[in-house]
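Okay, protein.cif now, which holds mmCIF, C-alpha atoms:
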data_work
#
loop_
_atom_site.label_atom_id
_atom_site.label_comp_id
_atom_site.auth_asym_id
_atom_site.auth_seq_id
_atom_site.Cartn_x
_atom_site.Cartn_y
_atom_site.Cartn_z
CA MET A 767 0.00 0.00 0.00
CA GLN A 768 2.84 2.36 0.85
CA GLY A 769 4.29 1.62 -2.59
CA ILE A 770 1.06 2.66 -4.28
CA ILE A 771 1.04 5.96 -2.38
CA ASP A 772 4.70 6.57 -3.24
CA LEU A 773 4.04 5.87 -6.91
CA HIS A 774 1.16 8.30 -6.83
CA HIS A 775 3.49 10.98 -5.46
CA ASP A 776 6.14 10.18 -8.08
CA ILE A 777 3.65 10.45 -10.91
CA PHE A 778 2.23 13.62 -9.45
CA PHE A 779 5.66 15.22 -9.74
CA PHE A 780 5.57 14.69 -13.53
CA LEU A 781 1.95 15.70 -13.64
CA ILE A 782 2.54 19.05 -11.96
CA LEU A 783 5.56 19.68 -14.16
CA ILE A 784 3.57 19.08 -17.34
CA LEU A 785 0.64 21.10 -16.04
CA VAL A 786 2.83 24.12 -15.27
CA PHE A 787 4.59 23.89 -18.63
CA VAL A 788 1.36 23.61 -20.64
CA LEU A 789 -0.27 26.44 -18.71
CA TRP A 790 2.80 28.60 -19.25
CA ILE A 791 2.71 27.98 -23.04
CA LEU A 792 -1.02 28.67 -23.13
CA VAL A 793 -0.86 31.92 -21.18
CA ARG A 794 2.17 33.03 -23.17
CA ALA A 795 0.39 32.35 -26.46
CA LEU A 796 -2.71 34.22 -25.31
CA TRP A 797 -0.56 37.12 -24.16
CA HIS A 798 1.72 37.49 -27.14
CA PHE A 799 -0.77 36.75 -29.87
CA HIS A 800 -3.53 38.98 -28.60
CA CYS A 801 -5.29 40.80 -31.44
CA LYS A 802 -4.38 44.20 -30.05
CA LYS A 803 -0.70 43.39 -29.67
CA ASN A 804 -0.34 41.36 -32.80
CA PRO A 805 -2.98 42.49 -35.33
CA ILE A 806 -1.45 40.76 -38.36
CA PRO A 807 -1.23 37.00 -37.81
CA GLN A 808 1.92 35.20 -38.86
CA ARG A 809 1.60 32.61 -41.56
CA ILE A 810 3.93 29.93 -40.24
CA VAL A 811 2.29 26.52 -40.72
CA HIS A 812 5.30 24.24 -40.44
CA GLY A 813 8.29 23.90 -38.10
CA THR A 814 10.27 20.66 -38.27
CA THR A 815 12.29 21.19 -35.09
CA ILE A 816 9.37 21.95 -32.84
CA GLU A 817 7.37 19.08 -34.29
CA ILE A 818 10.14 16.61 -33.60
CA ILE A 819 10.56 17.91 -30.06
CA ARG A 820 6.88 17.80 -29.24
CA THR A 821 6.64 14.22 -30.50
CA ILE A 822 9.77 12.78 -28.93
CA PHE A 823 9.57 14.51 -25.57
CA PRO A 824 6.04 13.41 -24.55
CA SER A 825 6.90 9.84 -25.51
CA ILE A 826 9.88 9.85 -23.17
CA ILE A 827 7.86 11.05 -20.18
CA PRO A 828 5.62 7.92 -20.01
CA MET A 829 8.77 5.81 -20.02
CA PHE A 830 9.96 7.54 -16.87
CA ILE A 831 6.55 6.93 -15.34
CA ALA A 832 6.50 3.32 -16.50
CA ILE A 833 9.72 2.29 -14.74
CA PRO A 834 8.49 2.67 -11.14
CA SER A 835 5.01 1.62 -12.18
CA PHE A 836 6.10 -1.75 -13.57
CA ALA A 837 8.46 -2.30 -10.67
CA LEU A 838 5.56 -1.86 -8.29
CA LEU A 839 3.19 -3.98 -10.36
CA TYR A 840 5.50 -6.98 -10.34
CA SER A 841 6.61 -6.56 -6.77
CA MET A 842 2.98 -6.62 -5.66
CA ASP A 843 2.53 -10.08 -7.16
CA GLU A 844 5.55 -11.53 -5.48
CA VAL A 845 5.23 -13.12 -2.12
CA VAL A 846 8.53 -12.49 -0.44
CA VAL A 847 7.79 -13.55 3.10
CA ASP A 848 5.86 -16.50 4.38
CA PRO A 849 2.36 -15.41 5.29
CA ASP A 850 1.14 -15.87 8.85
CA ILE A 851 -2.53 -16.44 8.20
CA THR A 852 -4.50 -17.72 5.25
CA ILE A 853 -8.04 -16.53 4.85
CA LYS A 854 -10.23 -17.93 2.14
CA ALA A 855 -12.93 -15.71 0.70
CA ILE A 856 -15.45 -17.52 -1.45
CA GLY A 857 -17.80 -15.38 -3.48
CA HIS A 858 -21.46 -16.27 -3.80
CA GLN A 859 -24.46 -14.52 -5.26
CA TRP A 860 -24.69 -12.26 -3.21
CA TYR A 861 -22.67 -12.80 -0.11
CA ARG A 862 -19.27 -14.04 0.83
CA THR A 863 -18.12 -17.06 2.78
CA TYR A 864 -14.94 -16.79 4.76
CA GLU A 865 -12.90 -19.73 5.94
CA TYR A 866 -10.17 -19.76 8.51
CA SER A 867 -8.70 -23.21 8.36
CA ASP A 868 -5.07 -22.93 9.45
CA TYR A 869 -5.79 -24.84 12.64
CA ASN A 870 -8.03 -27.55 11.27
CA ASN A 871 -7.29 -31.09 12.26
CA SER A 872 -9.71 -32.73 9.89
CA ASP A 873 -11.34 -31.95 6.57
CA GLU A 874 -14.77 -31.44 8.09
CA GLN A 875 -13.85 -29.09 10.89
CA SER A 876 -13.56 -25.49 9.79
CA LEU A 877 -14.17 -21.99 11.05
CA THR A 878 -16.53 -20.81 8.35
CA PHE A 879 -19.02 -18.00 8.28
CA ASP A 880 -21.12 -16.10 5.78
CA SER A 881 -20.94 -12.36 5.44
CA TYR A 882 -24.05 -10.59 4.20
CA THR A 883 -24.55 -6.91 3.59
CA ILE A 884 -27.02 -5.45 6.05
CA PRO A 885 -30.17 -4.36 4.15
CA GLU A 886 -30.97 -0.68 4.19
CA ASP A 887 -33.97 -1.10 6.50
CA ASP A 888 -31.95 -2.88 9.19
CA LEU A 889 -29.20 -0.32 9.46
CA GLU A 890 -28.53 1.26 12.80
CA LEU A 891 -27.46 4.83 13.32
CA GLY A 892 -23.86 5.33 12.25
CA GLN A 893 -23.64 2.31 10.00
CA SER A 894 -22.70 2.81 6.38
CA ARG A 895 -25.32 1.97 3.79
CA LEU A 896 -24.37 -0.97 1.52
CA LEU A 897 -21.04 -1.30 3.31
CA GLU A 898 -21.88 -2.75 6.68
CA VAL A 899 -22.05 -6.54 6.92
CA ASP A 900 -23.44 -8.84 9.58
CA ASN A 901 -20.27 -10.87 10.10
CA ARG A 902 -17.02 -9.02 9.71
CA VAL A 903 -13.71 -10.58 8.86
CA VAL A 904 -11.34 -10.16 11.74
CA VAL A 905 -7.66 -10.24 11.02
CA PRO A 906 -4.64 -9.39 13.14
CA ALA A 907 -2.87 -6.11 12.45
CA LYS A 908 0.78 -5.90 11.35
CA THR A 909 0.76 -9.48 10.13
CA PHE A 910 1.30 -10.86 6.67
CA LEU A 911 -2.02 -12.13 5.41
CA ARG A 912 -2.68 -14.39 2.49
CA ILE A 913 -6.15 -14.01 1.07
CA ILE A 914 -7.24 -16.82 -1.21
CA LEU A 915 -10.11 -15.88 -3.46
CA THR A 916 -12.45 -18.06 -5.35
CA SER A 917 -16.07 -18.14 -6.33
CA SER A 918 -18.70 -20.82 -6.43
CA ASP A 919 -20.98 -19.38 -9.08
CA VAL A 920 -20.07 -16.37 -11.24
CA PRO A 921 -16.92 -14.25 -11.20
CA HIS A 922 -16.79 -11.86 -8.29
CA SER A 923 -14.12 -9.48 -7.20
CA TRP A 924 -12.75 -8.78 -3.75
CA ALA A 925 -11.67 -5.20 -3.32
CA VAL A 926 -10.61 -3.18 -0.30
CA PRO A 927 -9.55 0.25 -1.59
CA SER A 928 -7.87 1.37 1.62
CA SER A 929 -5.62 -1.68 1.56
CA GLY A 930 -4.90 -1.16 -2.12
CA VAL A 931 -6.19 -4.55 -3.23
CA LYS A 932 -8.63 -5.65 -5.86
CA CYS A 933 -8.63 -9.16 -7.16
CA ASP A 934 -11.06 -11.19 -9.21
CA ALA A 935 -12.60 -14.29 -7.70
CA VAL A 936 -13.04 -16.79 -10.49
CA PRO A 937 -14.84 -20.13 -10.09
CA GLY A 938 -12.45 -23.07 -10.24
CA ARG A 939 -9.40 -20.95 -9.67
CA LEU A 940 -7.69 -19.72 -6.54
CA ASN A 941 -6.29 -16.24 -6.64
CA GLN A 942 -3.92 -15.13 -3.97
CA ILE A 943 -3.30 -11.65 -2.68
CA SER A 944 -1.10 -10.68 0.18
CA ILE A 945 -1.79 -7.76 2.43
CA SER A 946 -0.36 -6.46 5.61
CA VAL A 947 -2.52 -4.10 7.58
CA GLN A 948 -0.60 -1.44 9.42
CA ARG A 949 -3.37 0.24 11.36
CA GLU A 950 -6.21 -1.09 13.40
CA GLY A 951 -9.64 -0.13 12.22
CA VAL A 952 -12.59 -1.12 10.07
CA TYR A 953 -11.90 -1.39 6.37
CA TYR A 954 -14.71 -1.51 3.87
CA GLY A 955 -14.84 -3.13 0.49
CA GLN A 956 -17.27 -4.09 -2.19
CA CYS A 957 -17.61 -6.47 -5.06
CA SER A 958 -15.93 -5.01 -8.14
CA GLU A 959 -17.11 -7.38 -10.79
CA ILE A 960 -20.62 -7.26 -12.18
CA CYS A 961 -21.92 -10.47 -10.68
CA GLY A 962 -25.66 -10.32 -11.12
CA THR A 963 -28.80 -8.43 -10.23
CA ASN A 964 -27.80 -7.61 -6.70
CA HIS A 965 -24.20 -6.72 -7.45
CA ALA A 966 -24.51 -3.10 -6.47
CA PHE A 967 -27.64 -3.02 -4.37
CA THR A 968 -29.40 -5.03 -1.71
CA ARG A 969 -26.65 -7.55 -1.07
CA ALA A 970 -23.36 -6.51 -2.51
CA PRO A 971 -20.67 -8.89 -1.29
CA ALA A 972 -18.99 -6.40 0.90
CA ASN A 973 -16.12 -7.48 3.00
CA ILE A 974 -14.95 -5.73 6.04
CA GLY A 975 -11.82 -6.40 7.93
CA ARG A 976 -11.87 -5.34 11.50
CA LEU A 977 -8.29 -5.38 12.45
CA LEU A 978 -7.21 -6.21 15.91
CA SER A 979 -3.96 -7.29 17.45
CA PRO A 980 -2.64 -10.83 16.88
CA LEU A 981 -3.87 -11.66 20.35
CA TRP A 982 -7.35 -11.92 18.97
CA LEU A 983 -6.80 -15.29 17.41
CA SER A 984 -5.42 -16.84 20.57
CA ARG A 985 -8.38 -15.59 22.52
CA THR A 986 -11.00 -16.83 20.14
CA THR A 987 -9.42 -20.16 19.40
CA ARG A 988 -8.84 -20.85 23.05
CA GLY A 989 -12.49 -21.69 23.35
CA ALA A 990 -15.78 -20.09 22.75
CA SER A 991 -16.67 -20.57 26.39
CA HIS A 992 -14.08 -18.07 27.52
CA PRO A 993 -16.11 -14.98 28.52
CA ARG A 994 -13.53 -12.58 27.19
CA SER A 995 -13.35 -14.25 23.83
CA LYS A 996 -17.13 -14.27 23.58
CA LEU A 997 -17.19 -10.59 24.30
CA LEU A 998 -14.52 -9.97 21.74
CA GLN A 999 -16.31 -12.04 19.15
CA ARG A 1000 -19.44 -10.08 19.69
CA ALA A 1001 -17.57 -6.83 19.56
CA ALA A 1002 -15.89 -7.73 16.35
CA GLY A 1003 -19.10 -9.12 14.95
CA ALA A 1004 -17.06 -11.76 13.19
CA VAL A 1005 -17.90 -15.17 14.42
CA GLY A 1006 -21.16 -14.26 16.04
CA SER A 1007 -24.19 -16.39 16.44
CA ARG A 1008 -25.48 -15.80 12.93
CA GLY A 1009 -24.07 -17.80 10.07
CA ALA A 1010 -21.19 -19.19 12.07
CA ARG A 1011 -20.38 -22.83 11.85
CA GLN A 1012 -17.58 -24.30 13.78
CA MET B 201 -2.77 -22.03 29.61
CA ALA B 202 -0.72 -20.82 26.72
CA ASP B 203 -1.03 -17.09 26.30
CA GLU B 204 -0.62 -16.92 22.60
CA ILE B 205 -0.84 -19.48 19.90
CA GLU B 206 1.62 -19.41 17.07
CA LEU B 207 0.38 -17.86 13.86
CA LYS B 208 1.24 -20.37 11.21
CA THR B 209 0.02 -21.25 7.76
CA ALA B 210 1.22 -22.84 4.53
CA PRO B 211 4.48 -21.12 3.55
CA ALA B 212 5.08 -19.36 0.25
CA ASP B 213 6.11 -22.00 -2.27
CA PHE B 214 8.66 -21.16 -4.94
CA ARG B 215 6.93 -23.54 -7.33
CA PHE B 216 3.87 -21.31 -7.28
CA PRO B 217 5.05 -17.72 -7.28
CA THR B 218 2.07 -16.35 -9.19
CA THR B 219 -1.31 -15.02 -8.17
CA ASN B 220 -2.91 -18.24 -9.38
CA GLN B 221 -2.64 -20.69 -6.49
CA THR B 222 -5.00 -23.35 -7.80
CA ARG B 223 -2.17 -25.81 -8.46
CA HIS B 224 -0.59 -25.04 -5.11
CA CYS B 225 -3.67 -26.27 -3.31
CA PHE B 226 -4.07 -29.34 -5.52
CA THR B 227 -0.38 -30.28 -5.33
CA ARG B 228 -0.38 -30.03 -1.55
CA CYS B 229 -3.40 -32.27 -1.41
CA ILE B 230 -1.71 -34.87 -3.62
CA GLU B 231 1.53 -34.57 -1.68
CA PHE B 232 -0.36 -35.42 1.46
CA HIS B 233 -1.78 -38.59 -0.03
CA MET B 234 1.56 -39.53 -1.60
CA CYS B 235 3.12 -39.07 1.80
CA LEU B 236 0.53 -41.37 3.38
CA ILE B 237 1.39 -44.03 0.82
CA ALA B 238 5.10 -43.64 1.37
CA LYS B 239 5.22 -43.29 5.14
CA GLY B 240 2.10 -45.11 6.23
CA GLU B 241 -1.24 -43.88 7.47
CA GLU B 242 -0.15 -43.16 11.02
CA SER B 243 2.91 -41.17 10.13
CA ASN B 244 3.21 -37.76 11.76
CA GLU B 245 5.37 -36.41 8.96
CA CYS B 246 2.38 -36.12 6.67
CA LYS B 247 0.46 -33.89 9.01
CA ARG B 248 2.10 -30.75 7.75
CA PHE B 249 0.94 -31.44 4.18
CA ALA B 250 -2.57 -31.89 5.49
CA LYS B 251 -2.31 -28.54 7.25
CA TYR B 252 -1.05 -26.90 4.07
CA TYR B 253 -3.81 -28.14 1.84
CA ARG B 254 -6.48 -27.39 4.42
CA SER B 255 -5.14 -23.84 4.62
CA LEU B 256 -5.11 -23.39 0.87
CA CYS B 257 -8.08 -25.30 -0.50
CA PRO B 258 -11.67 -24.21 -0.06
CA GLY B 259 -13.63 -26.67 2.09
CA GLU B 260 -16.01 -27.35 -0.75
CA TRP B 261 -13.18 -28.54 -2.99
CA VAL B 262 -11.73 -30.84 -0.35
CA GLU B 263 -15.16 -32.34 0.23
CA LYS B 264 -15.56 -32.97 -3.47
CA TRP B 265 -12.13 -34.56 -3.77
CA ASN B 266 -12.71 -36.80 -0.79
CA GLU B 267 -15.93 -37.94 -2.38
CA GLN B 268 -14.11 -38.63 -5.64
CA ARG B 269 -11.43 -40.57 -3.81
CA GLU B 270 -14.05 -42.73 -2.17
CA ASN B 271 -15.63 -43.41 -5.54
CA GLY B 272 -12.25 -43.96 -7.15
CA THR B 273 -12.76 -41.14 -9.63
CA PHE B 274 -10.14 -38.76 -8.30
CA PRO B 275 -8.15 -37.48 -11.29
CA ALA B 276 -4.76 -38.07 -9.67
CA ALA B 277 -3.98 -41.77 -9.58
CA ALA B 278 -1.70 -41.84 -6.54
CA ALA B 279 -4.08 -40.00 -4.29
CA SER B 280 -7.08 -42.13 -5.22
CA GLN B 281 -4.97 -45.19 -4.45
CA ALA B 282 -4.81 -44.04 -0.87
CA GLY B 283 -8.60 -44.03 -0.90
CA GLY B 284 -8.22 -47.72 -1.64
CA ALA B 285 -11.34 -49.79 -1.37
CA GLY B 286 -13.57 -47.84 -3.74
CA SER B 287 -11.41 -47.98 -6.83
CA SER B 288 -12.27 -50.49 -9.52
CA PRO B 289 -9.81 -53.24 -10.63
CA GLN B 290 -9.23 -51.39 -13.88
CA GLN B 291 -8.21 -48.25 -12.10
CA GLN B 292 -6.02 -50.20 -9.74
CA GLN B 293 -4.31 -51.70 -12.77
CA LYS B 294 -3.83 -48.24 -14.19
CA GLN B 295 -2.32 -47.02 -10.96
CA LYS B 296 0.05 -49.96 -10.94
CA ASN B 297 1.24 -48.94 -14.35
CA CYS B 298 1.87 -45.41 -13.21
CA PHE B 299 3.54 -46.13 -9.92
CA GLY B 300 5.15 -49.49 -10.46
#
Just give me the structure as structure tokens.
Amino acid sequence: MQGIIDLHHDIFFFLILILVFVLWILVRALWHFHCKKNPIPQRIVHGTTIEIIRTIFPSIIPMFIAIPSFALLYSMDEVVVDPDITIKAIGHQWYRTYEYSDYNNSDEQSLTFDSYTIPEDDLELGQSRLLEVDNRVVVPAKTFLRIILTSSDVPHSWAVPSSGVKCDAVPGRLNQISISVQREGVYYGQCSEICGTNHAFTRAPANIGRLLSPLWLSRTTRGASHPRSKLLQRAAGAVGSRGARQ
Amino acid sequence: MADEIELKTAPADFRFPTTNQTRHCFTRCIEFHMCLIAKGEESNECKRFAKYYRSLCPGEWVEKWNEQRENGTFPAAAASQAGGAGSSPQQQQKQKNCFG
């Protein structure tokens, strides 16, 4: 994410430079070729030098922009460090199923829950329309996360703009994205692939990561009977009573 | 009571450096069954492969594969061999050809 912000700043440097230059040319032309100052227009229609310069120069600028851009693009794909947690997000029409199965001891046992968008009528004061979900995804902060995306019906897309990720979820294929969340908070996301009637409205497959410290996992996995973990679960709204299967 | 459990999952695999991890999941699943064949059903060494594929594969897929293994229709010969009883004599013959 930091890389994306840095690239934005880098590109903005070129952008401002071009903007100032173009504005300067424009104002200069308006100033010098004003009808009062310059009543008889010049009849120059061709200038080889200037034409070569204005063709070559703008084609070099994108190259300078492309170098850091490609470097970032390919570095984002690479998984350099071993991830600490794998979370599987399976897209459905129109909700998402999340699986945490790093600590499974058999194929049947799994921490799985469905995440539905809260309909407009059920929203409470302060909740965001079409963003809030009933079961949030809870992940530890400052940890390398591997998100595995797939779909069980039509292509969906898992996007969290504030984490700088957007990845398609294609049926029969597992797509991996790695994120590391630096700050604790609630992060909103929506489906970014037209996936049917309810793609944008009633039940958009929104995903929300509520990011707590790594301690969360130890508390919740220690046992649901632990009062503190129950409280935490409820607070996070992640593995609550609704839609949770353990 | 342990205060914190270790955060651990399937490591990054240099064989699958791309975004597409479909093969990673499938390979880990096969590796687990190959391991069971090689080391025996009770071997503890295979547990890590099981952990890897459970981390990577969606539950639905694993369920489907287990079903296929029981029916002897799992597309990877070695892994369906581990399933054993369900596979037909023809398939068993085929597997023999593949794995000596």
Next on the checklist: Show me, as a ChimeraX atom specification, the residues of chain B whose atoms get within 12 Å of chain A, using only C-alpha atoms for the distance check.
Outcome noted: /B:201-226,229,247-267
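Across the structure, atom CA of Ile819 of chain A and atom CA of Asp776 of chain A are spaced 23.7 Å apart.
The space separating atom CA of Val947 of chain A from atom CA of Glu890 of chain A comes to 27.1 Å.
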Next on the checklist: Can you measure atom CA of Ser923 of chain A to atom CA of Ser958 of chain A for me? One decimal in Å is fine.
Outcome noted: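 A separation of 4.9 Å between them.
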Could I see segment 904-915 of chain A restored to all heavy atoms, set down as an mmCIF file, in the frame of the given file?
data_model
loop_
_atom_site.group_PDB
_atom_site.id
_atom_site.type_symbol
_atom_site.label_atom_id
_atom_site.label_comp_id
_atom_site.auth_asym_id
_atom_site.auth_seq_id
_atom_site.Cartn_x
_atom_site.Cartn_y
_atom_site.Cartn_z
ATOM 1 N N VAL A 904 -12.273 -10.709 10.764
ATOM 2 C CA VAL A 904 -11.340 -10.160 11.740
ATOM 3 C C VAL A 904 -9.957 -10.698 11.448
ATOM 4 O O VAL A 904 -9.767 -11.903 11.329
ATOM 5 C CB VAL A 904 -11.770 -10.516 13.173
ATOM 6 C CG1 VAL A 904 -10.853 -9.850 14.173
ATOM 7 C CG2 VAL A 904 -13.190 -10.106 13.405
ATOM 8 N N VAL A 905 -9.029 -9.814 11.284
ATOM 9 C CA VAL A 905 -7.660 -10.240 11.020
ATOM 10 C C VAL A 905 -6.715 -9.498 11.960
ATOM 11 O O VAL A 905 -7.022 -8.398 12.403
ATOM 12 C CB VAL A 905 -7.248 -9.975 9.544
ATOM 13 C CG1 VAL A 905 -8.122 -10.744 8.591
ATOM 14 C CG2 VAL A 905 -7.279 -8.506 9.210
ATOM 15 N N PRO A 906 -5.586 -10.089 12.279
ATOM 16 C CA PRO A 906 -4.640 -9.390 13.140
ATOM 17 C C PRO A 906 -3.900 -8.295 12.375
ATOM 18 O O PRO A 906 -3.616 -8.437 11.188
ATOM 19 C CB PRO A 906 -3.681 -10.495 13.575
ATOM 20 C CG PRO A 906 -3.810 -11.550 12.561
ATOM 21 C CD PRO A 906 -5.176 -11.460 11.979
ATOM 22 N N ALA A 907 -3.600 -7.223 13.070
ATOM 23 C CA ALA A 907 -2.870 -6.110 12.450
ATOM 24 C C ALA A 907 -1.383 -6.434 12.403
ATOM 25 O O ALA A 907 -0.891 -7.272 13.156
ATOM 26 C CB ALA A 907 -3.113 -4.837 13.239
ATOM 27 N N LYS A 908 -0.671 -5.765 11.491
ATOM 28 C CA LYS A 908 0.780 -5.900 11.350
ATOM 29 C C LYS A 908 1.217 -7.353 11.177
ATOM 30 O O LYS A 908 2.191 -7.805 11.757
ATOM 31 C CB LYS A 908 1.494 -5.266 12.543
ATOM 32 C CG LYS A 908 1.259 -3.770 12.626
ATOM 33 C CD LYS A 908 2.140 -3.130 13.673
ATOM 34 C CE LYS A 908 1.970 -1.637 13.703
ATOM 35 N NZ LYS A 908 0.651 -1.190 14.181
ATOM 36 N N THR A 909 0.448 -8.076 10.403
ATOM 37 C CA THR A 909 0.760 -9.480 10.130
ATOM 38 C C THR A 909 0.605 -9.694 8.635
ATOM 39 O O THR A 909 -0.226 -9.052 8.006
ATOM 40 C CB THR A 909 -0.261 -10.387 10.854
ATOM 41 O OG1 THR A 909 -0.464 -9.888 12.153
ATOM 42 C CG2 THR A 909 0.216 -11.809 10.927
ATOM 43 N N PHE A 910 1.422 -10.594 8.100
ATOM 44 C CA PHE A 910 1.300 -10.860 6.670
ATOM 45 C C PHE A 910 0.146 -11.816 6.427
ATOM 46 O O PHE A 910 0.121 -12.920 6.942
ATOM 47 C CB PHE A 910 2.604 -11.436 6.123
ATOM 48 C CG PHE A 910 3.704 -10.424 6.124
ATOM 49 C CD1 PHE A 910 4.710 -10.477 7.074
ATOM 50 C CD2 PHE A 910 3.714 -9.398 5.198
ATOM 51 C CE1 PHE A 910 5.707 -9.511 7.096
ATOM 52 C CE2 PHE A 910 4.706 -8.436 5.213
ATOM 53 C CZ PHE A 910 5.700 -8.490 6.162
ATOM 54 N N LEU A 911 -0.815 -11.347 5.657
ATOM 55 C CA LEU A 911 -2.020 -12.130 5.410
ATOM 56 C C LEU A 911 -2.022 -12.639 3.982
ATOM 57 O O LEU A 911 -1.632 -11.927 3.067
ATOM 58 C CB LEU A 911 -3.268 -11.275 5.593
ATOM 59 C CG LEU A 911 -3.380 -10.441 6.851
ATOM 60 C CD1 LEU A 911 -4.531 -9.470 6.703
ATOM 61 C CD2 LEU A 911 -3.606 -11.330 8.035
ATOM 62 N N ARG A 912 -2.465 -13.874 3.836
ATOM 63 C CA ARG A 912 -2.680 -14.390 2.490
ATOM 64 C C ARG A 912 -4.187 -14.559 2.330
ATOM 65 O O ARG A 912 -4.821 -15.243 3.113
ATOM 66 C CB ARG A 912 -1.985 -15.735 2.316
ATOM 67 C CG ARG A 912 -2.328 -16.410 0.990
ATOM 68 C CD ARG A 912 -2.074 -17.881 1.038
ATOM 69 N NE ARG A 912 -0.682 -18.201 0.762
ATOM 70 C CZ ARG A 912 -0.014 -19.167 1.389
ATOM 71 N NH1 ARG A 912 -0.593 -19.857 2.331
ATOM 72 N NH2 ARG A 912 1.238 -19.419 1.082
ATOM 73 N N ILE A 913 -4.730 -13.884 1.343
ATOM 74 C CA ILE A 913 -6.150 -14.010 1.070
ATOM 75 C C ILE A 913 -6.292 -14.865 -0.179
ATOM 76 O O ILE A 913 -5.727 -14.529 -1.222
ATOM 77 C CB ILE A 913 -6.823 -12.640 0.839
ATOM 78 C CG1 ILE A 913 -6.329 -11.606 1.836
ATOM 79 C CG2 ILE A 913 -8.339 -12.757 0.817
ATOM 80 C CD1 ILE A 913 -7.095 -11.441 3.082
ATOM 81 N N ILE A 914 -7.002 -15.953 -0.058
ATOM 82 C CA ILE A 914 -7.240 -16.820 -1.210
ATOM 83 C C ILE A 914 -8.668 -16.586 -1.675
ATOM 84 O O ILE A 914 -9.608 -16.681 -0.888
ATOM 85 C CB ILE A 914 -7.035 -18.302 -0.826
ATOM 86 C CG1 ILE A 914 -5.605 -18.525 -0.378
ATOM 87 C CG2 ILE A 914 -7.470 -19.226 -1.949
ATOM 88 C CD1 ILE A 914 -4.727 -19.308 -1.273
ATOM 89 N N LEU A 915 -8.792 -16.234 -2.942
ATOM 90 C CA LEU A 915 -10.110 -15.880 -3.460
ATOM 91 C C LEU A 915 -10.594 -16.881 -4.469
ATOM 92 O O LEU A 915 -9.844 -17.299 -5.340
ATOM 93 C CB LEU A 915 -10.032 -14.516 -4.155
ATOM 94 C CG LEU A 915 -9.583 -13.356 -3.289
ATOM 95 C CD1 LEU A 915 -9.182 -12.206 -4.165
ATOM 96 C CD2 LEU A 915 -10.684 -12.950 -2.362
#
